[in-house]
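Q: Sharing target_5.pdb (PDB, C-alpha atoms) below.
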```
ATOM      1  CA  MET L 125     -16.452 -30.861  -8.805  1.00  0.00           C
ATOM      2  CA  ASN L 126     -12.754 -31.187  -9.545  1.00  0.00           C
ATOM      3  CA  PRO L 127     -12.304 -33.224 -12.719  1.00  0.00           C
ATOM      4  CA  ASP L 128      -9.170 -35.231 -13.286  1.00  0.00           C
ATOM      5  CA  PHE L 129      -9.136 -34.139 -16.940  1.00  0.00           C
ATOM      6  CA  LEU L 130     -10.551 -30.918 -18.415  1.00  0.00           C
ATOM      7  CA  VAL L 131     -10.949 -30.464 -22.172  1.00  0.00           C
ATOM      8  CA  SER L 132     -11.168 -26.772 -23.110  1.00  0.00           C
ATOM      9  CA  LEU L 133     -12.050 -25.345 -26.505  1.00  0.00           C
ATOM     10  CA  VAL L 134      -9.869 -22.291 -27.100  1.00  0.00           C
ATOM     11  CA  GLY L 135     -11.407 -19.218 -28.700  1.00  0.00           C
ATOM     12  CA  GLU L 136     -10.026 -15.747 -29.234  1.00  0.00           C
ATOM     13  CA  GLN L 137     -10.546 -14.750 -25.581  1.00  0.00           C
ATOM     14  CA  PRO L 138      -8.452 -16.723 -23.049  1.00  0.00           C
ATOM     15  CA  ILE L 139     -10.018 -15.378 -19.835  1.00  0.00           C
ATOM     16  CA  PRO L 140     -13.204 -17.531 -19.811  1.00  0.00           C
ATOM     17  CA  ASN L 141     -11.120 -20.712 -20.185  1.00  0.00           C
ATOM     18  CA  LEU L 142      -8.635 -19.516 -17.586  1.00  0.00           C
ATOM     19  CA  LEU L 143     -11.425 -18.791 -15.081  1.00  0.00           C
ATOM     20  CA  VAL L 144     -12.985 -22.221 -15.598  1.00  0.00           C
ATOM     21  CA  SER L 145      -9.593 -23.885 -15.205  1.00  0.00           C
ATOM     22  CA  ARG L 146      -8.785 -21.972 -12.030  1.00  0.00           C
ATOM     23  CA  TYR L 147     -12.224 -22.729 -10.579  1.00  0.00           C
ATOM     24  CA  LEU L 148     -12.254 -26.465 -11.390  1.00  0.00           C
ATOM     25  CA  GLN L 149      -8.527 -27.044 -10.779  1.00  0.00           C
ATOM     26  CA  PRO L 150      -8.196 -30.159 -12.952  1.00  0.00           C
ATOM     27  CA  ALA L 151      -5.191 -32.439 -12.581  1.00  0.00           C
ATOM     28  CA  ARG L 152      -4.693 -32.358 -16.377  1.00  0.00           C
ATOM     29  CA  GLN L 153      -6.023 -30.162 -19.142  1.00  0.00           C
ATOM     30  CA  LEU L 154      -6.252 -30.555 -22.907  1.00  0.00           C
ATOM     31  CA  LEU L 155      -6.485 -27.362 -24.939  1.00  0.00           C
ATOM     32  CA  VAL L 156      -8.248 -27.721 -28.285  1.00  0.00           C
ATOM     33  CA  TYR L 157      -7.262 -24.869 -30.574  1.00  0.00           C
ATOM     34  CA  THR L 158      -7.107 -23.852 -34.231  1.00  0.00           C
ATOM     35  CA  ARG L 159      -4.431 -22.204 -36.339  1.00  0.00           C
ATOM     36  CA  ARG L 160      -6.134 -18.873 -35.656  1.00  0.00           C
ATOM     37  CA  THR L 161      -6.216 -19.384 -31.871  1.00  0.00           C
ATOM     38  CA  GLU L 162      -2.777 -20.976 -31.474  1.00  0.00           C
ATOM     39  CA  ALA L 163      -1.230 -17.825 -29.955  1.00  0.00           C
ATOM     40  CA  VAL L 164      -4.094 -17.647 -27.455  1.00  0.00           C
ATOM     41  CA  ALA L 165      -3.571 -21.327 -26.603  1.00  0.00           C
ATOM     42  CA  ILE L 166       0.147 -20.716 -26.015  1.00  0.00           C
ATOM     43  CA  ARG L 167      -0.610 -17.867 -23.596  1.00  0.00           C
ATOM     44  CA  LEU L 168      -3.320 -19.897 -21.893  1.00  0.00           C
ATOM     45  CA  ARG L 169      -1.064 -22.948 -21.558  1.00  0.00           C
ATOM     46  CA  GLN L 170       1.595 -20.766 -19.949  1.00  0.00           C
ATOM     47  CA  LEU L 171      -0.908 -19.359 -17.439  1.00  0.00           C
ATOM     48  CA  ILE L 172      -2.235 -22.827 -16.611  1.00  0.00           C
ATOM     49  CA  SER L 173       1.022 -24.735 -16.330  1.00  0.00           C
ATOM     50  CA  GLN L 174       3.960 -22.321 -16.586  1.00  0.00           C
ATOM     51  CA  HIS L 175       5.083 -23.558 -20.009  1.00  0.00           C
ATOM     52  CA  THR L 176       4.130 -22.896 -23.618  1.00  0.00           C
ATOM     53  CA  ASP L 177       4.542 -26.379 -25.068  1.00  0.00           C
ATOM     54  CA  LEU L 178       1.379 -27.298 -26.972  1.00  0.00           C
ATOM     55  CA  SER L 179       2.682 -30.704 -28.094  1.00  0.00           C
ATOM     56  CA  GLN L 180       0.245 -32.534 -25.802  1.00  0.00           C
ATOM     57  CA  ASP L 181      -2.685 -30.347 -26.849  1.00  0.00           C
ATOM     58  CA  LEU L 182      -4.910 -30.711 -29.915  1.00  0.00           C
ATOM     59  CA  ARG L 183      -4.843 -28.464 -32.969  1.00  0.00           C
ATOM     60  CA  CYS L 184      -7.966 -28.945 -35.062  1.00  0.00           C
ATOM     61  CA  GLN L 185      -9.760 -27.555 -38.068  1.00  0.00           C
ATOM     62  CA  PRO L 186     -12.351 -25.014 -36.843  1.00  0.00           C
ATOM     63  CA  TYR L 187     -15.239 -26.256 -38.989  1.00  0.00           C
ATOM     64  CA  ASP L 188     -14.658 -29.997 -39.356  1.00  0.00           C
ATOM     65  CA  PHE L 189     -17.191 -31.552 -36.972  1.00  0.00           C
ATOM     66  CA  GLU L 190     -16.334 -35.194 -37.669  1.00  0.00           C
ATOM     67  CA  ALA L 191     -12.553 -34.752 -37.540  1.00  0.00           C
ATOM     68  CA  LEU L 192     -12.852 -32.950 -34.207  1.00  0.00           C
ATOM     69  CA  GLN L 193     -15.003 -35.729 -32.748  1.00  0.00           C
ATOM     70  CA  THR L 194     -12.582 -38.395 -33.965  1.00  0.00           C
ATOM     71  CA  ALA L 195      -9.550 -36.561 -32.555  1.00  0.00           C
ATOM     72  CA  LEU L 196     -11.272 -35.838 -29.237  1.00  0.00           C
ATOM     73  CA  ARG L 197     -12.542 -39.398 -28.898  1.00  0.00           C
ATOM     74  CA  SER L 198      -8.971 -40.687 -29.186  1.00  0.00           C
ATOM     75  CA  ARG L 199      -7.763 -38.288 -26.442  1.00  0.00           C
ATOM     76  CA  LEU L 200     -10.782 -38.314 -24.134  1.00  0.00           C
ATOM     77  CA  GLY L 201      -9.735 -40.745 -21.445  1.00  0.00           C
ATOM     78  CA  ASN L 202     -12.170 -41.884 -18.764  1.00  0.00           C
ATOM     79  CA  PRO L 203     -15.550 -40.133 -19.261  1.00  0.00           C
ATOM     80  CA  ALA L 204     -16.294 -40.463 -15.541  1.00  0.00           C
ATOM     81  CA  THR L 205     -13.363 -38.190 -14.671  1.00  0.00           C
ATOM     82  CA  THR L 206     -13.391 -35.914 -17.730  1.00  0.00           C
ATOM     83  CA  THR L 207     -15.227 -32.595 -18.059  1.00  0.00           C
ATOM     84  CA  ILE L 208     -15.603 -30.721 -21.341  1.00  0.00           C
ATOM     85  CA  ASN L 209     -15.549 -26.923 -21.275  1.00  0.00           C
ATOM     86  CA  LEU L 210     -17.646 -25.646 -24.188  1.00  0.00           C
ATOM     87  CA  THR L 211     -16.907 -21.961 -23.573  1.00  0.00           C
ATOM     88  CA  GLY L 212     -14.490 -21.252 -26.439  1.00  0.00           C
ATOM     89  CA  GLY L 213     -13.892 -22.411 -29.976  1.00  0.00           C
ATOM     90  CA  THR L 214     -16.156 -22.154 -32.982  1.00  0.00           C
ATOM     91  CA  LYS L 215     -19.811 -23.132 -32.886  1.00  0.00           C
ATOM     92  CA  LEU L 216     -19.043 -26.358 -34.760  1.00  0.00           C
ATOM     93  CA  MET L 217     -16.256 -27.188 -32.307  1.00  0.00           C
ATOM     94  CA  SER L 218     -18.721 -26.707 -29.440  1.00  0.00           C
ATOM     95  CA  LEU L 219     -21.364 -28.817 -31.174  1.00  0.00           C
ATOM     96  CA  GLY L 220     -18.874 -31.608 -31.860  1.00  0.00           C
ATOM     97  CA  ALA L 221     -17.588 -31.592 -28.292  1.00  0.00           C
ATOM     98  CA  TYR L 222     -21.130 -31.475 -26.900  1.00  0.00           C
ATOM     99  CA  ALA L 223     -22.247 -34.394 -29.083  1.00  0.00           C
ATOM    100  CA  LEU L 224     -19.265 -36.407 -27.882  1.00  0.00           C
ATOM    101  CA  ALA L 225     -20.053 -35.520 -24.265  1.00  0.00           C
ATOM    102  CA  ALA L 226     -23.662 -36.633 -24.742  1.00  0.00           C
ATOM    103  CA  GLU L 227     -22.466 -39.896 -26.287  1.00  0.00           C
ATOM    104  CA  THR L 228     -19.922 -40.673 -23.555  1.00  0.00           C
ATOM    105  CA  GLY L 229     -21.646 -39.173 -20.526  1.00  0.00           C
ATOM    106  CA  CYS L 230     -18.926 -36.606 -19.803  1.00  0.00           C
ATOM    107  CA  PRO L 231     -20.204 -33.566 -17.936  1.00  0.00           C
ATOM    108  CA  VAL L 232     -19.945 -30.218 -19.690  1.00  0.00           C
ATOM    109  CA  VAL L 233     -19.426 -26.690 -18.419  1.00  0.00           C
ATOM    110  CA  TYR L 234     -20.001 -23.330 -20.046  1.00  0.00           C
ATOM    111  CA  TYR L 235     -18.843 -20.017 -18.610  1.00  0.00           C
ATOM    112  CA  GLU L 236     -21.642 -17.531 -19.201  1.00  0.00           C
ATOM    113  CA  ASN L 237     -20.519 -13.956 -18.658  1.00  0.00           C
ATOM    114  CA  GLU L 238     -23.004 -11.913 -20.629  1.00  0.00           C
ATOM    115  CA  GLY L 239     -24.401  -9.044 -18.572  1.00  0.00           C
ATOM    116  CA  ARG L 240     -22.449 -10.030 -15.465  1.00  0.00           C
ATOM    117  CA  ARG L 241     -19.335  -8.700 -13.747  1.00  0.00           C
TER     118      ARG L 241
END
```
Could you express the structure from this file as C-alpha cells?

A:
Amino acid sequence: MNPDFLVSLVGEQPIPNLLVSRYLQPARQLLVYTRRTEAVAIRLRQLISQHTDLSQDLRCQPYDFEALQTALRSRLGNPATTTINLTGGTKLMSLGAYALAAETGCPVVYYENEGRR
C-alpha cells in the first residue's frame, strides 16, 4: 500500500510519523501541526523531504474539531489515493481526521508501539 498522498497528524514525538512515512513511501505528504508542535513538524519535514519549509503544510488549532475538518477537507485531494495517519496530534485532531476519513472513504493508519520494540 503506497498512497499517493499521506496526511500525518504531528504530535510531540516525530519518530512514529517518520516510521509510517518511510514504510508507506507516499509521493506527497501533508503535515498537520499546531503551534506547540511546529518545531517537531519542521524537523520531520526536513527528514522526509530535505527541507524545512512548512508553507504547504497545515497549521491548525489543537482542539477545534470543525475547523480541522474544514481545513483538511479543502486539502484532501482524491480519497482513493489518500491515506490518513492518525498516530500523532491531539485526540480531537485524531477524531476529526478519522471522521473525515470515514466520510470520504480514505484509509487510515495508526502506528501502535506500546509494549513493542

Q: Would you write out, as a PDB file with C-alpha atoms, in the frame of the given file, every residue that the PyMOL selection byres ((chain L and resi 213) around 6) captures in this file?

A:
```pdb
ATOM      1  CA  LEU L 133     -12.050 -25.345 -26.505  1.00  0.00           C
ATOM      2  CA  VAL L 134      -9.869 -22.291 -27.100  1.00  0.00           C
ATOM      3  CA  GLY L 135     -11.407 -19.218 -28.700  1.00  0.00           C
ATOM      4  CA  GLY L 212     -14.490 -21.252 -26.439  1.00  0.00           C
ATOM      5  CA  THR L 214     -16.156 -22.154 -32.982  1.00  0.00           C
ATOM      6  CA  MET L 217     -16.256 -27.188 -32.307  1.00  0.00           C
TER       7      MET L 217
END
```

Q: I'd like to know which of L:Ala204, L:Cys184, L:Leu224, L:Val131 is closest to Pro150 of chain L, using only C-alpha atoms.

A: L:Val131

Q: I'd like the box whose edges run along x, y and z of the file and which contains every listed atom of segment 225-236 of chain L, padded by 8 Å per side; could you state its centre and edge lengths in Å, one decimal, as JSON?

A:
```
{"center_x": -21.3, "center_y": -29.1, "center_z": -22.1, "size_x": 20.8, "size_y": 39.1, "size_z": 24.4}
```

Q: Residue by residue, what does the PyMOL selection byres ((chain L and resi 168-170) around 12) grab here? Present the result as a PyMOL selection string.

A: chain L and resi 132-146+152-157+161-167+171-181

Q: Evaluate the PyMOL selection byres ((chain L and resi 195) around 12) and record the selected residues as a short mmCIF file (atom, residue, chain, number, x, y, z; two decimals) with C-alpha atoms, in the frame of the given file, following the chain and residue labels used in the document.

A:
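What ended up in expr-v2.cif:
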```
data_model
loop_
_atom_site.label_atom_id
_atom_site.label_comp_id
_atom_site.auth_asym_id
_atom_site.auth_seq_id
_atom_site.Cartn_x
_atom_site.Cartn_y
_atom_site.Cartn_z
CA LEU L 154 -6.25 -30.56 -22.91
CA VAL L 156 -8.25 -27.72 -28.28
CA ASP L 181 -2.68 -30.35 -26.85
CA LEU L 182 -4.91 -30.71 -29.92
CA ARG L 183 -4.84 -28.46 -32.97
CA CYS L 184 -7.97 -28.94 -35.06
CA GLN L 185 -9.76 -27.56 -38.07
CA ASP L 188 -14.66 -30.00 -39.36
CA PHE L 189 -17.19 -31.55 -36.97
CA GLU L 190 -16.33 -35.19 -37.67
CA ALA L 191 -12.55 -34.75 -37.54
CA LEU L 192 -12.85 -32.95 -34.21
CA GLN L 193 -15.00 -35.73 -32.75
CA THR L 194 -12.58 -38.40 -33.97
CA LEU L 196 -11.27 -35.84 -29.24
CA ARG L 197 -12.54 -39.40 -28.90
CA SER L 198 -8.97 -40.69 -29.19
CA ARG L 199 -7.76 -38.29 -26.44
CA LEU L 200 -10.78 -38.31 -24.13
CA GLY L 201 -9.74 -40.74 -21.44
CA MET L 217 -16.26 -27.19 -32.31
CA GLY L 220 -18.87 -31.61 -31.86
CA ALA L 221 -17.59 -31.59 -28.29
CA LEU L 224 -19.26 -36.41 -27.88
#
```

Q: Determine the nearest neighbour of Pro203 of chain L from the options L:Gly229, L:Thr158, L:Leu148, L:Asn126, counting only C-alpha atoms.

A: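 Once distances to Pro203 of chain L are computed over only C-alpha atoms, the minimum belongs to L:Gly229.
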
Q: What does the structure give for the distance between atom CA of Lys215 of chain L and atom CA of Gln149 of chain L, in Å to one decimal?

A: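 Distance reported for this atom pair: 25.1 Å.
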
Q: So the first atom is atom CA of Asn202 of chain L and the second is atom CA of Tyr235 of chain L; what is the distance between them in Å, to one decimal place?

A: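 Between atom CA of Asn202 of chain L and atom CA of Tyr235 of chain L the gap is 22.9 Å.
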
Q: Could you check the closest approach to Ser218 of chain L for each of L:Thr205, L:Pro127, L:Pro186, L:Ala151 and tell me which residue wins, using all atoms listed in the file?

A: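 Using all atoms listed in the file, Ser218 of chain L sits closest to L:Pro186.
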
Q: Please, what distance in Å, to one decimal, runs between atom CA of Thr207 of chain L and atom CA of Leu130 of chain L?

A: 5.0 Å

Q: For a quick check of understanding, using all atoms listed in the file, which of L:Tyr187, L:Arg159, L:Asp128, L:Thr211 has the smallest distance to Cys230 of chain L?

A: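 Distance minimum relative to Cys230 of chain L lands on L:Asp128.
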